[in-house]
$ cat protein-v3.cif   # mmCIF, C-alpha atoms
data_query
loop_
_atom_site.label_atom_id
_atom_site.label_comp_id
_atom_site.auth_asym_id
_atom_site.auth_seq_id
_atom_site.Cartn_x
_atom_site.Cartn_y
_atom_site.Cartn_z
CA MET A 13 -29.34 47.24 22.34
CA ASP A 14 -28.02 46.24 18.91
CA ASN A 15 -29.95 43.01 18.96
CA ALA A 16 -33.19 44.82 19.64
CA ARG A 17 -32.58 46.97 16.57
CA GLU A 18 -31.89 44.01 14.35
CA SER A 19 -35.08 42.08 14.99
CA PRO A 20 -37.48 44.17 12.86
CA ALA A 21 -35.12 43.83 9.89
CA GLY A 22 -35.07 40.10 10.50
CA LYS A 23 -38.84 39.86 10.74
CA GLY A 24 -39.39 41.64 7.45
CA GLY A 25 -37.09 39.24 5.61
CA GLU A 26 -38.00 35.61 5.67
CA THR A 27 -41.05 33.38 5.81
CA GLY A 28 -39.31 31.31 8.42
CA GLU A 29 -39.91 34.25 10.73
CA SER A 30 -43.59 33.40 10.96
CA ASP A 31 -42.66 30.96 13.68
CA GLU A 32 -41.19 33.85 15.63
CA THR A 33 -44.32 35.97 15.44
CA THR A 34 -46.52 33.23 16.84
CA ALA A 35 -44.25 32.82 19.83
CA PRO A 36 -44.95 36.24 21.42
CA PRO A 37 -48.56 35.31 22.34
CA GLY A 38 -46.90 33.23 25.04
CA VAL A 39 -46.34 36.58 26.72
CA PRO A 40 -49.51 37.67 28.58
CA GLY A 41 -51.88 39.66 26.34
CA PRO A 42 -52.30 43.46 26.24
CA ALA A 43 -55.20 43.41 28.67
CA ASP A 44 -52.78 42.32 31.34
CA THR A 45 -50.72 45.51 31.25
CA ASP A 46 -49.87 45.34 34.94
CA GLY A 47 -48.51 41.86 34.52
CA ILE A 48 -46.18 42.68 31.72
CA PRO A 49 -43.95 45.30 33.33
CA GLU A 50 -43.46 42.92 36.24
CA GLU A 51 -42.33 40.29 33.76
CA THR A 52 -39.40 42.47 32.93
CA ASP A 53 -37.92 42.04 36.36
CA GLY A 54 -39.78 39.06 37.77
CA ASP A 55 -40.21 36.50 35.01
CA GLY A 56 -41.72 33.17 35.85
CA ASP A 57 -39.27 30.42 35.00
CA ALA A 58 -41.15 29.13 31.95
CA ASP A 59 -41.70 32.59 30.52
CA SER A 60 -38.10 33.59 31.00
CA LYS A 61 -36.89 30.41 29.30
CA GLU A 62 -39.29 31.00 26.43
CA ALA A 63 -38.23 34.60 26.04
CA ALA A 64 -34.59 33.65 26.35
CA ALA A 65 -34.95 30.87 23.78
CA GLU A 66 -36.75 33.32 21.53
CA GLU A 67 -33.95 35.83 21.95
CA GLY A 68 -31.41 33.16 21.08
CA GLU A 69 -33.27 32.17 17.92
CA LEU A 70 -33.82 35.72 16.80
CA LYS A 71 -30.18 36.59 17.33
CA SER A 72 -28.79 33.63 15.40
CA GLN A 73 -31.04 34.29 12.44
CA ASP A 74 -30.19 37.97 12.41
CA VAL A 75 -26.48 37.21 12.39
CA SER A 76 -26.90 35.03 9.30
CA ASP A 77 -28.80 37.89 7.64
CA LEU A 78 -26.00 40.31 8.49
CA THR A 79 -23.21 38.10 7.22
CA SER A 80 -24.95 37.43 3.90
CA VAL A 81 -25.52 41.13 3.26
CA GLU A 82 -22.07 42.21 4.35
CA ARG A 83 -20.15 39.73 2.24
CA GLU A 84 -21.41 41.51 -0.85
CA ASP A 85 -20.28 44.90 0.44
CA SER A 86 -17.00 43.84 2.00
CA SER A 87 -15.18 44.07 -1.31
CA LEU A 88 -15.82 47.80 -1.27
CA LEU A 89 -14.32 48.33 2.22
CA THR A 90 -10.72 49.08 3.10
CA PRO A 91 -8.81 46.23 4.79
CA ALA A 92 -8.90 48.03 8.15
CA ALA A 93 -12.66 48.48 8.01
CA LYS A 94 -13.08 44.87 6.90
CA LYS A 95 -11.06 43.71 9.88
CA LEU A 96 -13.16 45.81 12.27
CA LYS A 97 -16.37 44.37 10.86
CA LEU A 98 -15.10 40.81 11.18
CA ASP A 99 -13.96 41.47 14.75
CA THR A 100 -17.32 42.82 15.86
CA LYS A 101 -19.11 39.98 14.07
CA GLU A 102 -16.95 37.39 15.81
CA LYS A 103 -17.51 39.07 19.14
CA LYS A 104 -21.26 39.03 18.59
CA GLU A 105 -21.19 35.34 17.68
CA LYS A 106 -19.07 34.55 20.72
CA LYS A 107 -21.42 36.54 22.92
CA GLN A 108 -24.42 34.65 21.59
CA LYS A 109 -22.72 31.32 22.20
CA VAL A 110 -21.93 32.42 25.74
CA ASP A 111 -25.56 33.49 26.23
CA GLU A 112 -26.85 30.18 24.92
CA ASP A 113 -24.44 28.26 27.15
CA GLU A 114 -25.52 30.30 30.10
CA ILE A 115 -29.19 29.69 29.34
CA GLN A 116 -28.60 25.96 29.10
CA LYS A 117 -26.65 25.92 32.32
CA MET A 118 -29.40 27.81 34.10
CA GLN A 119 -31.97 25.34 32.84
CA ILE A 120 -29.93 22.39 34.07
CA LEU A 121 -29.43 24.07 37.43
CA VAL A 122 -33.07 24.97 37.95
CA SER A 123 -34.22 21.49 36.97
CA SER A 124 -32.08 20.00 39.72
CA PHE A 125 -33.44 22.20 42.54
CA SER A 126 -35.08 20.71 45.60
CA GLU A 127 -38.59 21.86 46.48
CA GLU A 128 -37.45 24.41 49.03
CA GLN A 129 -34.87 25.78 46.61
CA LEU A 130 -37.48 26.03 43.88
CA ASN A 131 -39.73 27.91 46.26
CA ARG A 132 -36.98 30.34 47.16
CA TYR A 133 -35.97 30.79 43.52
CA GLU A 134 -39.57 31.57 42.60
CA MET A 135 -39.80 34.17 45.35
CA TYR A 136 -36.53 35.67 44.16
CA ARG A 137 -37.69 36.01 40.58
CA ARG A 138 -41.26 37.04 41.22
CA SER A 139 -40.86 39.56 44.02
CA ALA A 140 -40.87 43.14 42.86
CA PHE A 141 -41.70 46.57 44.12
CA PRO A 142 -45.13 47.88 43.12
CA LYS A 143 -44.68 50.31 40.25
CA ALA A 144 -47.43 52.62 41.46
CA ALA A 145 -45.89 53.14 44.89
CA ILE A 146 -42.42 53.76 43.44
CA LYS A 147 -43.83 56.21 40.93
CA ARG A 148 -45.71 58.04 43.69
CA LEU A 149 -42.58 58.18 45.81
CA ILE A 150 -40.37 59.55 43.02
CA GLN A 151 -42.97 62.07 41.99
CA SER A 152 -43.38 63.28 45.53
CA ILE A 153 -39.65 63.98 45.59
CA THR A 154 -39.27 65.61 42.20
CA GLY A 155 -42.59 67.41 42.06
CA THR A 156 -42.85 66.64 38.34
CA SER A 157 -43.99 63.51 36.58
CA VAL A 158 -41.51 60.84 35.57
CA SER A 159 -41.52 58.45 32.64
CA GLN A 160 -42.28 54.77 32.95
CA ASN A 161 -38.71 53.76 32.13
CA VAL A 162 -37.47 55.67 35.14
CA VAL A 163 -39.86 53.75 37.38
CA ILE A 164 -38.77 50.45 35.86
CA ALA A 165 -35.09 51.32 36.29
CA MET A 166 -35.53 52.53 39.85
CA SER A 167 -37.50 49.46 40.96
CA GLY A 168 -34.87 47.21 39.44
CA ILE A 169 -32.01 49.00 41.12
CA SER A 170 -33.82 48.98 44.46
CA LYS A 171 -34.30 45.24 44.25
CA VAL A 172 -30.58 44.75 43.60
CA PHE A 173 -29.88 47.06 46.53
CA VAL A 174 -32.09 44.97 48.83
CA GLY A 175 -30.27 41.88 47.61
CA GLU A 176 -26.89 43.37 48.43
CA VAL A 177 -27.96 44.34 51.94
CA VAL A 178 -29.60 40.99 52.68
CA GLU A 179 -26.62 39.02 51.39
CA GLU A 180 -24.22 41.08 53.48
CA ALA A 181 -26.48 40.67 56.51
CA LEU A 182 -26.53 36.90 56.01
CA ASP A 183 -22.72 36.95 55.88
CA VAL A 184 -22.64 38.89 59.14
CA CYS A 185 -25.16 36.53 60.71
CA GLU A 186 -23.10 33.50 59.73
CA LYS A 187 -19.89 35.11 60.89
CA TRP A 188 -21.37 35.81 64.33
CA GLY A 189 -22.45 32.19 64.57
CA GLU A 190 -26.18 32.90 64.62
CA MET A 191 -29.09 31.61 62.57
CA PRO A 192 -31.56 33.35 60.28
CA PRO A 193 -34.11 35.00 60.54
CA LEU A 194 -32.09 38.16 60.32
CA GLN A 195 -32.17 40.51 63.27
CA PRO A 196 -31.84 44.30 63.17
CA LYS A 197 -28.29 44.13 64.52
CA HIS A 198 -27.23 42.08 61.48
CA MET A 199 -28.87 44.57 59.16
CA ARG A 200 -27.19 47.52 60.82
CA GLU A 201 -23.77 45.88 60.70
CA ALA A 202 -24.34 45.04 57.03
CA VAL A 203 -25.21 48.65 56.28
CA ARG A 204 -22.12 49.83 58.12
CA ARG A 205 -19.94 47.51 56.04
CA LEU A 206 -21.53 48.48 52.76
CA LYS A 207 -21.14 52.15 53.66
CA SER A 208 -17.42 51.75 54.09
CA LYS A 209 -17.32 50.05 50.67
CA GLY A 210 -19.20 52.97 49.20
CA GLN A 211 -22.23 50.99 48.10
CA ILE A 212 -24.67 53.13 50.00
CA PRO A 213 -25.10 56.67 48.69
CA ASN A 214 -24.95 59.35 51.34
CA SER A 215 -24.95 63.00 50.40
CA LYS A 216 -25.58 64.31 53.90
CA HIS A 217 -22.02 64.21 55.15
CA LYS A 218 -19.62 66.79 53.77
CA LYS A 219 -16.18 65.33 53.26
CA ILE A 220 -13.31 67.47 54.46
CA ILE A 221 -10.39 66.66 52.21
CA PHE A 222 -7.52 68.70 53.64
CA PHE A 223 -6.97 69.33 57.27
CA MET B 23 -40.26 49.34 90.88
CA ALA B 24 -40.59 53.09 91.12
CA ASP B 25 -39.36 53.17 87.52
CA GLU B 26 -42.68 51.87 86.31
CA GLU B 27 -44.45 54.90 87.66
CA GLU B 28 -42.00 57.27 86.02
CA ASP B 29 -41.72 55.51 82.68
CA PRO B 30 -45.33 55.85 81.51
CA THR B 31 -45.09 59.64 81.71
CA PHE B 32 -41.86 59.58 79.73
CA GLU B 33 -43.43 57.31 77.16
CA GLU B 34 -46.42 59.57 76.83
CA GLU B 35 -44.18 62.52 76.12
CA ASN B 36 -42.27 60.55 73.53
CA GLU B 37 -45.46 59.47 71.85
CA GLU B 38 -46.72 63.01 71.71
CA ILE B 39 -43.49 64.19 70.15
CA GLY B 40 -43.59 61.31 67.71
CA GLY B 41 -47.18 62.13 66.81
CA GLY B 42 -46.57 65.84 66.47
CA ALA B 43 -43.57 65.56 64.16
CA GLU B 44 -45.23 64.33 61.00
CA GLY B 45 -43.17 62.92 58.18
CA GLY B 46 -40.84 61.18 60.62
CA GLN B 47 -39.86 57.73 59.46
CA GLY B 48 -41.85 56.03 62.18
CA LYS B 49 -45.03 57.89 61.34
CA ARG B 50 -45.22 57.07 57.61
CA LYS B 51 -47.35 54.17 56.57
CA ARG B 52 -45.40 51.10 55.55
CA LEU B 53 -45.28 51.06 51.78
CA PHE B 54 -43.47 47.84 50.93
CA SER B 55 -44.08 45.45 53.79
CA LYS B 56 -45.51 42.56 51.79
CA GLU B 57 -43.15 42.82 48.85
CA LEU B 58 -40.10 43.22 51.05
CA ARG B 59 -40.94 40.06 52.96
CA CYS B 60 -41.04 38.04 49.76
CA MET B 61 -37.85 39.67 48.59
CA MET B 62 -35.96 38.92 51.79
CA CYS B 63 -37.10 35.32 51.65
CA GLY B 64 -36.01 35.09 48.02
CA PHE B 65 -32.56 36.45 48.83
CA GLY B 66 -31.89 33.89 51.56
CA ASP B 67 -33.60 34.96 54.75
CA ASP B 68 -36.17 32.92 56.62
CA GLN B 69 -39.71 32.37 55.34
CA ASN B 70 -40.93 34.67 58.12
CA PRO B 71 -38.51 37.56 58.53
CA TYR B 72 -38.72 39.75 61.61
CA THR B 73 -40.92 42.79 61.25
CA GLU B 74 -38.22 45.06 62.64
CA SER B 75 -35.77 43.88 59.97
CA VAL B 76 -38.37 44.51 57.28
CA ASP B 77 -38.89 48.00 58.69
CA ILE B 78 -35.17 48.74 58.65
CA LEU B 79 -34.95 47.55 55.04
CA GLU B 80 -37.91 49.66 54.00
CA ASP B 81 -36.32 52.76 55.51
CA LEU B 82 -33.09 51.92 53.71
CA VAL B 83 -34.85 51.49 50.37
CA ILE B 84 -36.74 54.74 50.70
CA GLU B 85 -33.56 56.58 51.64
CA PHE B 86 -31.77 54.97 48.67
CA ILE B 87 -34.48 56.00 46.23
CA THR B 88 -34.54 59.50 47.69
CA GLU B 89 -30.78 59.90 47.35
CA MET B 90 -30.77 58.60 43.77
CA THR B 91 -33.64 60.88 42.83
CA HIS B 92 -31.96 63.95 44.30
CA LYS B 93 -28.69 63.14 42.56
CA ALA B 94 -30.46 62.50 39.26
CA MET B 95 -32.23 65.82 39.55
CA SER B 96 -28.96 67.64 39.95
CA ILE B 97 -27.24 66.21 36.84
CA GLY B 98 -28.19 66.29 33.20
CA ARG B 99 -31.44 68.16 32.78
CA GLN B 100 -31.98 69.98 36.08
CA GLY B 101 -35.13 69.34 38.02
CA ARG B 102 -36.06 66.27 36.02
CA VAL B 103 -35.27 62.61 36.50
CA GLN B 104 -34.39 60.79 33.30
CA VAL B 105 -33.21 57.29 32.60
CA GLU B 106 -29.87 58.46 31.27
CA ASP B 107 -29.15 60.18 34.57
CA ILE B 108 -29.88 57.02 36.52
CA VAL B 109 -27.65 54.99 34.23
CA PHE B 110 -24.90 57.55 34.66
CA LEU B 111 -25.16 57.43 38.45
CA ILE B 112 -25.03 53.66 38.48
CA ARG B 113 -22.12 53.30 36.08
CA LYS B 114 -19.58 52.37 38.76
CA ASP B 115 -21.65 49.54 40.25
CA PRO B 116 -21.44 46.57 37.86
CA ARG B 117 -24.42 44.63 39.22
CA LYS B 118 -26.87 47.48 39.16
CA PHE B 119 -25.63 48.73 35.81
CA ALA B 120 -26.06 45.33 34.17
CA ARG B 121 -29.49 44.93 35.74
CA VAL B 122 -30.73 48.28 34.46
CA LYS B 123 -29.46 47.54 30.95
CA ASP B 124 -31.17 44.14 30.96
CA LEU B 125 -34.44 45.57 32.21
CA LEU B 126 -34.55 48.35 29.63
CA THR B 127 -33.59 46.03 26.78
CA MET B 128 -36.23 43.51 27.82
CA ASN B 129 -38.82 46.26 28.08
CA GLU B 130 -38.07 47.39 24.54
CA GLU B 131 -38.35 43.84 23.22
CA LEU B 132 -41.61 43.22 25.03
CA LYS B 133 -43.04 46.47 23.70
CA ARG B 134 -42.02 45.47 20.20
CA ALA B 135 -43.48 41.98 20.57
CA ARG B 136 -46.71 43.41 21.94
CA LYS B 137 -46.93 45.88 19.09
CA ALA B 138 -46.34 43.19 16.48
CA PHE B 139 -48.94 40.99 18.15
CA ASP B 140 -51.47 43.83 18.18
CA GLU B 141 -50.82 44.63 14.55
CA ALA B 142 -51.22 40.98 13.61
CA ASN B 143 -54.54 40.91 15.44
CA TYR B 144 -55.70 44.18 13.92
CA GLY B 145 -54.75 43.06 10.40
CA SER B 146 -56.66 39.80 10.59
#

$ encode --input "protein-v3.cif" --output "structure tokens"
Amino acid sequence: MDNARESPAGKGGETGESDETTAPPGVPGPADTDGIPEETDGDGDADSKEAAAEEGELKSQDVSDLTSVEREDSSLLTPAAKKLKLDTKEKKEKKQKVDEDEIQKMQILVSSFSEEQLNRYEMYRRSAFPKAAIKRLIQSITGTSVSQNVVIAMSGISKVFVGEVVEEALDVCEKWGEMPPLQPKHMREAVRRLKSKGQIPNSKHKKIIFF
Amino acid sequence: MADEEEDPTFEEENEEIGGGAEGGQGKRKRLFSKELRCMMCGFGDDQNPYTESVDILEDLVIEFITEMTHKAMSIGRQGRVQVEDIVFLIRKDPRKFARVKDLLTMNEELKRARKAFDEANYGS
């Protein structure tokens, strides 16, 4: 969240930023409003790399802005406050390096995929629940309207939930010595296991604590 | 095979009951069949998953969303579902929590980029 706040300050500052502002047109234009929300959870590979590279560039420039401004003020701070500022700055730099490393590693990995793996990876990234149906479902439960962020969050969580169930079901399938496609018995066993781990919310059963 | 003569009547009764009780899980139209198939394939299943498995998953997802919505309505501001409530409910699950944070951050950045792009267009 901090990085998102820093970018406007960065944009106002330097002329070098003009490169940054031309990059966003790579994102589909405003007419394509349905496409954009899906990008948030189902980026195509190229777009995600672009956005991620953008993020990396923005962040590194903003950090240099921060450090230049803060060095002037640091003489006015107490030693304890100075130390805190340096710590958080170092952590941010470390985090960015880790992010950049991770992005590079992902790029190397994806470039070495076979065709079938690429296919599967594309389905993984691009599949998403339709926002309209999710919104209709939530509104039919609450009776009031919900904001767009709620729909985005709920679709994202549901996709992760599907992933957890399918992965567990594949584990079960492999353990029983059978092959995909997954059968209902695998799914049910997966749900039973996840329930005992507490991953599946269930508010229908009242727990009796003392007996 | 006297069973065959008895079974059709039983089936008819079951169908009538199933048809009469609206809102039962079997009666509702399938909302996510296409998307769930792609998702299952993406997560490691076969290219053509079984329809019954897709049905089971859809019921699970709808139950999950229903549970989350009910819980979110009962905390924070009552009767409303807000993002903060969802984030609070998810806090114990690291995967989902990280995913929600990423999605919301990305959404903010995209909105900002779109706004800057629009302003640039409008200015010129």

$ resolve_selection --input "protein-v3.cif" --expression "the PyMOL selection byres ((chain B and resi 126) around 10)" --output "NGL selection string"
(:A and (13 or 52-53 or 161-162 or 164-165 or 168)) or (:B and (105 or 121-125 or 127-132))

$ residues_around --input "protein-v3.cif" --residues "A:Ser139" --least-positions-apart "2" --cutoff "8 Å" --atoms "all atoms listed in the file" --output "ChimeraX atom specification"
/A:54,135-137,141 /B:57-58,60-61,64

$ atom_distance --input "protein-v3.cif" --atom1 "atom CA of B:Asp68" --atom2 "atom CA of A:Pro193"
4.9 Å

$ atom_distance --input "protein-v3.cif" --atom1 "atom CA of A:Ser159" --atom2 "atom CA of B:Asp107"
12.6 Å

$ resolve_selection --input "protein-v3.cif" --expression "the PyMOL selection byres ((chain B and resi 75) around 10)" --output "list in words"
Val178, Pro193, Leu194, Gln195, Pro196, Lys197, His198, Met199 and Arg200 of chain A; Leu58, Arg59, Met62, Pro71, Tyr72, Thr73, Glu74, Val76, Asp77, Ile78, Leu79, Glu80 and Asp81 of chain B

$ atom_distance --input "protein-v3.cif" --atom1 "atom CA of A:Ile153" --atom2 "atom CA of B:Thr88"
7.1 Å

$ closest_residue --input "protein-v3.cif" --among "A:Lys219, A:Met191, A:Met166, A:Arg205" --to "B:Ile84" --atoms "all atoms listed in the file"
A:Met166

$ resolve_selection --input "protein-v3.cif" --expression "the PyMOL selection byres ((chain A and resi 156) around 12)" --output "number ranges by chain"
A: 147-155, 157-159; B: 91, 95, 100-104

$ residues_around --input "protein-v3.cif" --residues "stretch 114-120 of chain B" --least-positions-apart "6" --cutoff "12 Å" --atoms "only C-alpha atoms" --output "list in words"
Ala165, Met166, Ser167, Gly168, Ile169, Ser170, Lys171, Val172, Phe173, Val174, Gly175, Glu176, Lys209, Gly210, Gln211, Ile212 and Pro213 of chain A; Val105, Glu106, Ile108, Leu126 and Thr127 of chain B

$ closest_residue --input "protein-v3.cif" --among "A:Glu201, A:Gly189, A:Val163, A:Ile220" --to "chain B" --atoms "all atoms listed in the file"
A:Val163
